[in-house]
Amino acid sequence: MTDSPRLLQPEQQWSARMSDPAFFFQIDNAEGSGDAVIVCEHASNDLTAAANALGLSVDQRQAHIAWDPGALGVAKGLSSALDAPLIHATASRLIYDLNRPPDSPGAMPARSEAYDIPGNRDLTPRQRLERTRAHYIPFHAALFSLLARRLASGRPTALITVHSFTPVYFSTRREVEFGIIHEADDRLARAILARDVGLLTRLNDPYSAADGVTHTLALHATPLGLGHAMLEIRNDLIATPVAQQAMANRLAPAIREAVKECL
């Protein structure tokens, strides 16, 4: 006679699935008691899940096309300072850009900025579906589950995504140092903008929702009525771990105050 199989409760099942290396994301500080949830969709440039690293050179894998350099370090610093859960990707956005919907060409781009992405050229519908199932669906299901649990528990919650951008884009120098982007509700973005963080700060610059960069916010924050902001930091300002932590320390008080004002 053999023992009956041990049945896991739903929360245990979810936790077990998230620890599976086949899942291309990680959640840190899941039970953080702060008033925000931090998201970093472009945290990693890891291409080991893709055949032949999508045909990219070592230098290309380190470039902004593969990830948002410095963003994860800032996100981790904010998670610690704000005691906020952090969900972040562990695979390159060139395999699947988690801030793009499955029908978007940018979800698995054949070209990014000035670079061709050979491994994304001529993807079949089946290949696109496989990547969507492996990357996009689990990530956003986990984020929704995290938000739903917090809301059900009565925890005030704002959604903040963390990104970085290049100082030069198609030969044009970007002077802005810190951009704050919003989707349907601009209250939190404007509340952060109103606070002096000692950086050249602009609203909806260098991108805006019109550029299709607010998918995560549109998918989760807007339907749930959550205050939200997308933080864009120029990546030459966060090029080292020390600079990333300093940036998190600089931004955290302003974000904390803005979130409390808007909740």
# chains A, B, ... in the order shown; residues from 1 in each chain; ligands from 1
$ residues_around --residues "Gln26 in chain A" --least-positions-apart "5" --cutoff "7 Å" --atoms "only C-alpha atoms" --output "NGL selection string"
:A and (87-90)
$ write_last_selection --atoms "N, CA and C atoms" --output "PDB file, in the first residue's frame"
ATOM      1  N   ILE A  87       7.796  42.274  -8.432  1.00  0.00           N
ATOM      2  CA  ILE A  87       7.770  41.191  -9.409  1.00  0.00           C
ATOM      3  C   ILE A  87       8.612  41.634 -10.603  1.00  0.00           C
ATOM      4  N   HIS A  88       9.529  40.763 -11.017  1.00  0.00           N
ATOM      5  CA  HIS A  88      10.427  41.162 -12.101  1.00  0.00           C
ATOM      6  C   HIS A  88      10.747  39.983 -13.007  1.00  0.00           C
ATOM      7  N   ALA A  89      11.022  40.303 -14.256  1.00  0.00           N
ATOM      8  CA  ALA A  89      11.356  39.292 -15.255  1.00  0.00           C
ATOM      9  C   ALA A  89      12.740  38.717 -14.982  1.00  0.00           C
ATOM     10  N   THR A  90      12.938  37.463 -15.390  1.00  0.00           N
ATOM     11  CA  THR A  90      14.260  36.844 -15.308  1.00  0.00           C
ATOM     12  C   THR A  90      14.743  36.408 -16.694  1.00  0.00           C
TER      13      THR A  90
END
$ residues_around --residues "range 109-125 of chain A" --least-positions-apart "5" --cutoff "10 Å" --atoms "only C-alpha atoms" --output "list of chain:residue names"
A:Ala50, A:Ala51, A:Asn52, A:Ala53, A:Leu54, A:Gly55, A:Leu56, A:Gln60, A:His64, A:Ile65, A:Ala66, A:Arg93, A:Leu94, A:Ile95, A:Tyr96, A:Asp97, A:Ser104, A:Glu130, A:Tyr169, A:Phe170
$ closest_residue --among "A:Ala49, A:Ala71, A:Val58, A:Val39" --to "Ala243 in chain A" --atoms "only C-alpha atoms"
A:Ala71
$ select_by_dssp --residues "range 97-149 of chain A" --states "helix (DSSP H, G or I)" --output "ChimeraX atom specification"
/A:105-107,118-120,125-149
$ write_last_selection --atoms "C-alpha atoms" --output "JSON list (two decimals), in the first residue's frame"
[["chain", "number", "residue", "atom", "x", "y", "z"],
["A", 105, "PRO", "CA", 4.75, 43.13, -33.03],
["A", 106, "GLY", "CA", 6.83, 44.60, -30.21],
["A", 107, "ALA", "CA", 6.12, 41.64, -27.94],
["A", 118, "PRO", "CA", 17.45, 37.19, -36.21],
["A", 119, "GLY", "CA", 15.84, 34.76, -33.78],
["A", 120, "ASN", "CA", 12.57, 36.69, -33.90],
["A", 125, "PRO", "CA", 1.89, 31.60, -34.82],
["A", 126, "ARG", "CA", 2.72, 28.43, -32.89],
["A", 127, "GLN", "CA", 6.10, 29.83, -31.79],
["A", 128, "ARG", "CA", 4.50, 33.10, -30.70],
["A", 129, "LEU", "CA", 1.89, 31.15, -28.73],
["A", 130, "GLU", "CA", 4.57, 29.06, -27.02],
["A", 131, "ARG", "CA", 6.44, 32.15, -25.87],
["A", 132, "THR", "CA", 3.23, 33.81, -24.73],
["A", 133, "ARG", "CA", 2.34, 30.76, -22.66],
["A", 134, "ALA", "CA", 5.81, 30.52, -21.16],
["A", 135, "HIS", "CA", 6.46, 34.20, -20.38],
["A", 136, "TYR", "CA", 3.51, 36.57, -20.65],
["A", 137, "ILE", "CA", 0.62, 34.56, -19.20],
["A", 138, "PRO", "CA", 2.39, 33.35, -16.02],
["A", 139, "PHE", "CA", 3.88, 36.78, -15.28],
["A", 140, "HIS", "CA", 0.64, 38.69, -15.57],
["A", 141, "ALA", "CA", -1.36, 35.98, -13.81],
["A", 142, "ALA", "CA", 1.06, 36.21, -10.89],
["A", 143, "LEU", "CA", 0.87, 40.01, -10.82],
["A", 144, "PHE", "CA", -2.93, 39.96, -10.90],
["A", 145, "SER", "CA", -2.99, 37.34, -8.14],
["A", 146, "LEU", "CA", -0.70, 39.48, -5.99],
["A", 147, "LEU", "CA", -2.83, 42.59, -6.50],
["A", 148, "ALA", "CA", -6.10, 40.71, -5.93],
["A", 149, "ARG", "CA", -4.86, 39.24, -2.64]]
$ closest_residue --among "A:Pro206, A:Gln62, A:Asn29, A:Ile181" --to "Ile160 in chain A" --atoms "only C-alpha atoms"
A:Ile181
$ closest_residue --among "A:Ser79, A:Ser57, A:Thr240, A:Asn45" --to "Glu31 in chain A" --atoms "only C-alpha atoms"
A:Ser79
$ decode --residues "range 128-141 of chain A" --atoms "all heavy atoms" --output "CSV table (one decimal), in the first residue's frame"
chain,number,residue,atom,x,y,z
A,128,ARG,N,4.9,31.9,-31.5
A,128,ARG,CA,4.5,33.1,-30.7
A,128,ARG,C,3.6,32.6,-29.5
A,128,ARG,O,3.7,33.2,-28.4
A,128,ARG,CB,3.7,34.1,-31.6
A,128,ARG,CG,4.6,34.8,-32.6
A,128,ARG,CD,3.8,35.8,-33.5
A,128,ARG,NE,3.3,36.9,-32.6
A,128,ARG,CZ,4.0,38.0,-32.4
A,128,ARG,NH1,5.2,38.1,-32.9
A,128,ARG,NH2,3.5,38.9,-31.6
A,129,LEU,N,2.8,31.7,-29.8
A,129,LEU,CA,1.9,31.2,-28.7
A,129,LEU,C,2.7,30.5,-27.6
A,129,LEU,O,2.4,30.7,-26.4
A,129,LEU,CB,0.9,30.2,-29.3
A,129,LEU,CG,-0.1,29.5,-28.3
A,129,LEU,CD1,-0.9,30.5,-27.5
A,129,LEU,CD2,-1.0,28.5,-29.0
A,130,GLU,N,3.7,29.7,-28.0
A,130,GLU,CA,4.6,29.1,-27.0
A,130,GLU,C,5.3,30.1,-26.1
A,130,GLU,O,5.3,29.9,-24.9
A,130,GLU,CB,5.6,28.2,-27.7
A,130,GLU,CG,5.0,26.9,-28.4
A,130,GLU,CD,6.0,26.2,-29.2
A,130,GLU,OE1,7.2,26.7,-29.4
A,130,GLU,OE2,5.7,25.0,-29.6
A,131,ARG,N,5.8,31.1,-26.7
A,131,ARG,CA,6.4,32.2,-25.9
A,131,ARG,C,5.4,32.9,-25.0
A,131,ARG,O,5.7,33.2,-23.8
A,131,ARG,CB,7.2,33.2,-26.7
A,131,ARG,CG,8.4,32.6,-27.5
A,131,ARG,CD,9.3,33.7,-27.9
A,131,ARG,NE,10.2,33.3,-28.9
A,131,ARG,CZ,11.1,34.1,-29.5
A,131,ARG,NH1,11.1,35.4,-29.2
A,131,ARG,NH2,11.9,33.7,-30.5
A,132,THR,N,4.3,33.1,-25.5
A,132,THR,CA,3.2,33.8,-24.7
A,132,THR,C,2.8,33.0,-23.5
A,132,THR,O,2.7,33.5,-22.4
A,132,THR,CB,2.0,34.1,-25.6
A,132,THR,OG1,2.4,34.9,-26.7
A,132,THR,CG2,0.9,34.8,-24.8
A,133,ARG,N,2.7,31.7,-23.8
A,133,ARG,CA,2.3,30.8,-22.7
A,133,ARG,C,3.4,30.7,-21.6
A,133,ARG,O,3.2,30.6,-20.4
A,133,ARG,CB,2.1,29.4,-23.2
A,133,ARG,CG,0.7,29.2,-23.9
A,133,ARG,CD,0.6,27.9,-24.5
A,133,ARG,NE,-0.8,27.6,-24.9
A,133,ARG,CZ,-1.2,26.6,-25.7
A,133,ARG,NH1,-0.2,25.8,-26.3
A,133,ARG,NH2,-2.4,26.4,-26.1
A,134,ALA,N,4.7,30.7,-22.1
A,134,ALA,CA,5.8,30.5,-21.2
A,134,ALA,C,6.1,31.8,-20.4
A,134,ALA,O,6.5,31.7,-19.2
A,134,ALA,CB,7.0,30.1,-21.9
A,135,HIS,N,6.0,32.9,-21.0
A,135,HIS,CA,6.5,34.2,-20.4
A,135,HIS,C,5.3,35.1,-20.0
A,135,HIS,O,5.2,35.5,-18.8
A,135,HIS,CB,7.4,34.9,-21.4
A,135,HIS,CG,8.6,34.2,-21.7
A,135,HIS,ND1,9.8,34.4,-21.0
A,135,HIS,CD2,8.9,33.2,-22.6
A,135,HIS,CE1,10.8,33.6,-21.5
A,135,HIS,NE2,10.2,32.9,-22.4
A,136,TYR,N,4.5,35.5,-20.9
A,136,TYR,CA,3.5,36.6,-20.6
A,136,TYR,C,2.4,36.1,-19.7
A,136,TYR,O,2.1,36.8,-18.7
A,136,TYR,CB,2.9,37.0,-22.0
A,136,TYR,CG,1.8,38.0,-21.9
A,136,TYR,CD1,2.1,39.4,-21.9
A,136,TYR,CD2,0.5,37.7,-21.9
A,136,TYR,CE1,1.1,40.4,-21.8
A,136,TYR,CE2,-0.5,38.6,-21.8
A,136,TYR,CZ,-0.2,39.9,-21.8
A,136,TYR,OH,-1.2,40.9,-21.7
A,137,ILE,N,1.8,35.0,-20.0
A,137,ILE,CA,0.6,34.6,-19.2
A,137,ILE,C,1.0,34.3,-17.7
A,137,ILE,O,0.3,34.8,-16.8
A,137,ILE,CB,-0.1,33.4,-19.9
A,137,ILE,CG1,-0.7,33.8,-21.2
A,137,ILE,CG2,-1.1,32.7,-18.9
A,137,ILE,CD1,-1.3,32.6,-22.0
A,138,PRO,N,2.1,33.6,-17.4
A,138,PRO,CA,2.4,33.4,-16.0
A,138,PRO,C,2.7,34.6,-15.3
A,138,PRO,O,2.3,34.8,-14.1
A,138,PRO,CB,3.6,32.4,-16.1
A,138,PRO,CG,3.5,31.7,-17.4
A,138,PRO,CD,2.9,32.7,-18.3
A,139,PHE,N,3.5,35.5,-15.9
A,139,PHE,CA,3.9,36.8,-15.3
A,139,PHE,C,2.7,37.6,-14.9
A,139,PHE,O,2.5,38.1,-13.8
A,139,PHE,CB,4.8,37.6,-16.2
A,139,PHE,CG,5.3,38.9,-15.6
A,139,PHE,CD1,6.4,39.0,-14.9
A,139,PHE,CD2,4.6,40.1,-15.9
A,139,PHE,CE1,6.9,40.2,-14.3
A,139,PHE,CE2,5.0,41.3,-15.4
A,139,PHE,CZ,6.1,41.3,-14.6
A,140,HIS,N,1.8,37.8,-15.9
A,140,HIS,CA,0.6,38.7,-15.6
A,140,HIS,C,-0.4,38.0,-14.7
A,140,HIS,O,-1.1,38.7,-13.9
A,140,HIS,CB,0.1,39.2,-16.9
A,140,HIS,CG,0.9,40.3,-17.5
A,140,HIS,ND1,1.0,41.6,-17.0
A,140,HIS,CD2,1.8,40.3,-18.5
A,140,HIS,CE1,1.8,42.3,-17.7
A,140,HIS,NE2,2.3,41.5,-18.6
A,141,ALA,N,-0.5,36.7,-14.7
A,141,ALA,CA,-1.4,36.0,-13.8
A,141,ALA,C,-0.8,36.1,-12.4
A,141,ALA,O,-1.6,36.3,-11.4
A,141,ALA,CB,-1.5,34.5,-14.2
